[in-house]
Amino acid sequence: MTGAFDDVLAANHDYSQTFEYSGLTGRAARGLAVVTCMDSRIDPLGLLGLGAGDAKILRNAGARVTDDVLRTLVLAVYLLGVDRILVMPHTDCRMAKSTDEEVHELINREFGMDTRSLEFHTVPNQDSALRRDLIRVRTYPYLPERLAVGGAVYDVHTGKLMPVDL
């Protein structure tokens with residue numbers, strides 16, 4: 001693995017020279033799981049005042065609570081010390097600017113790839129999508145009722161969280 005990855009391999013070499021996290025257990029030290037978007041403008045640990053080992057971070061396009069996110073949350077709750085979940089989409093999200101159909105058409109037009117067998121889980125109404133995802137987590141039969149579940153939208157232009165109540 002060289003060439004296209006030389007920069008990240010060099011950075012990892014430097015990182016490993018002062019690596020200090022070998023004592024972490026894999027459990028969420030602060031009991032938190034965060035479901036957020038894959039957008040590279042989001043630094044989930046930094047914006048929440050967390051460090052390595054404090055939380056489980058689940059990322060996907062649009063910060064959607066998909067079946068795979070629910071599966072991962074079940075594992076995080078029962079095996080990895082999570083007792084609270086924050087669902088955190090963000091402003092200026094590409095998934096909130098198109099429908100699935102528009103994304104399929106764009107990819108087909110620009111790249112000649114037919115992606116219609118995929119569900120992209122776009123969010124034409126981000127507020128209602130977040131509320132629906134919060135309800136999905138709160139009512140999922142494999143997660144305990146005592147679980148604290150919250151939602152907030154992260155503003156990528158100000159760095160502020162805007163809590164959303166159901």
# chains A, B, ... in the order shown; residues from 1 in each chain; ligands from 1
$ residues_around --residues "range 82-84 of chain A" --least-positions-apart "5" --cutoff "12 Å" --atoms "only C-alpha atoms" --output "ChimeraX atom specification"
/A:26-35,53-57,72-77,137-138,143-151
$ select_by_dssp --residues "chain A" --states "helix (DSSP H, G or I)" --output "MDAnalysis selection string"
chainID A and resid 6:17 44:47 67:79 94:96 100:111 126:139
$ write_last_selection --atoms "C-alpha atoms" --output "short mmCIF file (atom, residue, chain, number, x, y, z; two decimals), in the first residue's frame"
data_model
loop_
_atom_site.label_atom_id
_atom_site.label_comp_id
_atom_site.auth_asym_id
_atom_site.auth_seq_id
_atom_site.Cartn_x
_atom_site.Cartn_y
_atom_site.Cartn_z
CA ASP A 6 2.05 7.81 1.35
CA ASP A 7 0.87 10.94 3.16
CA VAL A 8 -1.35 9.07 5.62
CA LEU A 9 1.23 6.34 6.22
CA ALA A 10 3.85 9.01 7.00
CA ALA A 11 1.42 10.79 9.33
CA ASN A 12 0.66 7.49 11.07
CA HIS A 13 4.34 6.82 11.56
CA ASP A 14 4.70 10.18 13.32
CA TYR A 15 1.52 9.56 15.35
CA SER A 16 2.68 6.15 16.51
CA GLN A 17 5.94 7.60 17.85
CA PRO A 44 -17.25 14.96 16.95
CA LEU A 45 -14.79 14.55 19.81
CA GLY A 46 -13.59 18.15 19.68
CA LEU A 47 -16.99 19.80 19.41
CA ASP A 67 -30.70 -0.69 10.47
CA ASP A 68 -26.93 -0.99 10.66
CA VAL A 69 -26.70 1.96 13.07
CA LEU A 70 -29.32 0.31 15.29
CA ARG A 71 -27.37 -2.97 15.22
CA THR A 72 -24.22 -1.11 16.21
CA LEU A 73 -26.01 0.78 18.99
CA VAL A 74 -27.26 -2.50 20.48
CA LEU A 75 -23.67 -3.72 20.66
CA ALA A 76 -22.48 -0.39 22.06
CA VAL A 77 -25.14 -0.42 24.79
CA TYR A 78 -24.81 -4.01 25.93
CA LEU A 79 -21.10 -4.63 25.36
CA ARG A 94 -25.41 17.40 0.99
CA MET A 95 -27.94 14.68 1.91
CA ALA A 96 -30.44 17.40 2.86
CA ASP A 100 -32.68 9.80 -3.48
CA GLU A 101 -34.00 10.00 -7.04
CA GLU A 102 -31.95 13.14 -7.75
CA VAL A 103 -28.79 11.52 -6.39
CA HIS A 104 -29.37 8.42 -8.52
CA GLU A 105 -29.88 10.60 -11.60
CA LEU A 106 -26.76 12.68 -10.90
CA ILE A 107 -24.52 9.63 -10.41
CA ASN A 108 -25.91 7.99 -13.54
CA ARG A 109 -25.55 11.16 -15.63
CA GLU A 110 -22.07 12.11 -14.39
CA PHE A 111 -20.51 8.66 -13.95
CA GLN A 126 -33.87 17.51 8.15
CA ASP A 127 -35.96 18.39 11.22
CA SER A 128 -38.57 15.70 10.59
CA ALA A 129 -35.88 13.15 9.67
CA LEU A 130 -34.06 13.81 12.95
CA ARG A 131 -37.27 13.50 14.96
CA ARG A 132 -38.16 10.25 13.15
CA ASP A 133 -34.66 8.88 13.83
CA LEU A 134 -34.90 9.80 17.52
CA ILE A 135 -38.22 7.98 17.79
CA ARG A 136 -36.68 5.02 15.98
CA VAL A 137 -33.90 4.76 18.58
CA ARG A 138 -36.25 5.33 21.54
CA THR A 139 -38.69 2.66 20.42
#
$ residues_around --residues "Tyr154 in chain A" --least-positions-apart "4" --cutoff "9 Å" --atoms "only C-alpha atoms" --output "list of chain:residue names"
A:Ile42, A:Met88, A:Pro89, A:His90, A:Thr91, A:Thr158, A:Gly159, A:Lys160, A:Leu161, A:Met162, A:Pro163
$ closest_residue --among "A:Thr36, A:Ala52, A:Pro141, A:Gly3" --to "Tyr21 in chain A" --atoms "only C-alpha atoms"
A:Ala52
$ select_by_dssp --residues "range 7-164 of chain A" --states "strand (DSSP E or B)" --output "JSON, numbers by chain"
{"A": [32, 33, 34, 35, 36, 37, 55, 56, 57, 58, 59, 60, 84, 85, 86, 87, 88, 90, 148, 149, 150, 151, 152, 153, 154, 161, 162, 163, 164]}
$ atom_distance --atom1 "CA of His121 in chain A" --atom2 "CA of Met38 in chain A"
13.4 Å
$ atom_distance --atom1 "CA of Asp39 in chain A" --atom2 "CA of Val156 in chain A"
9.6 Å
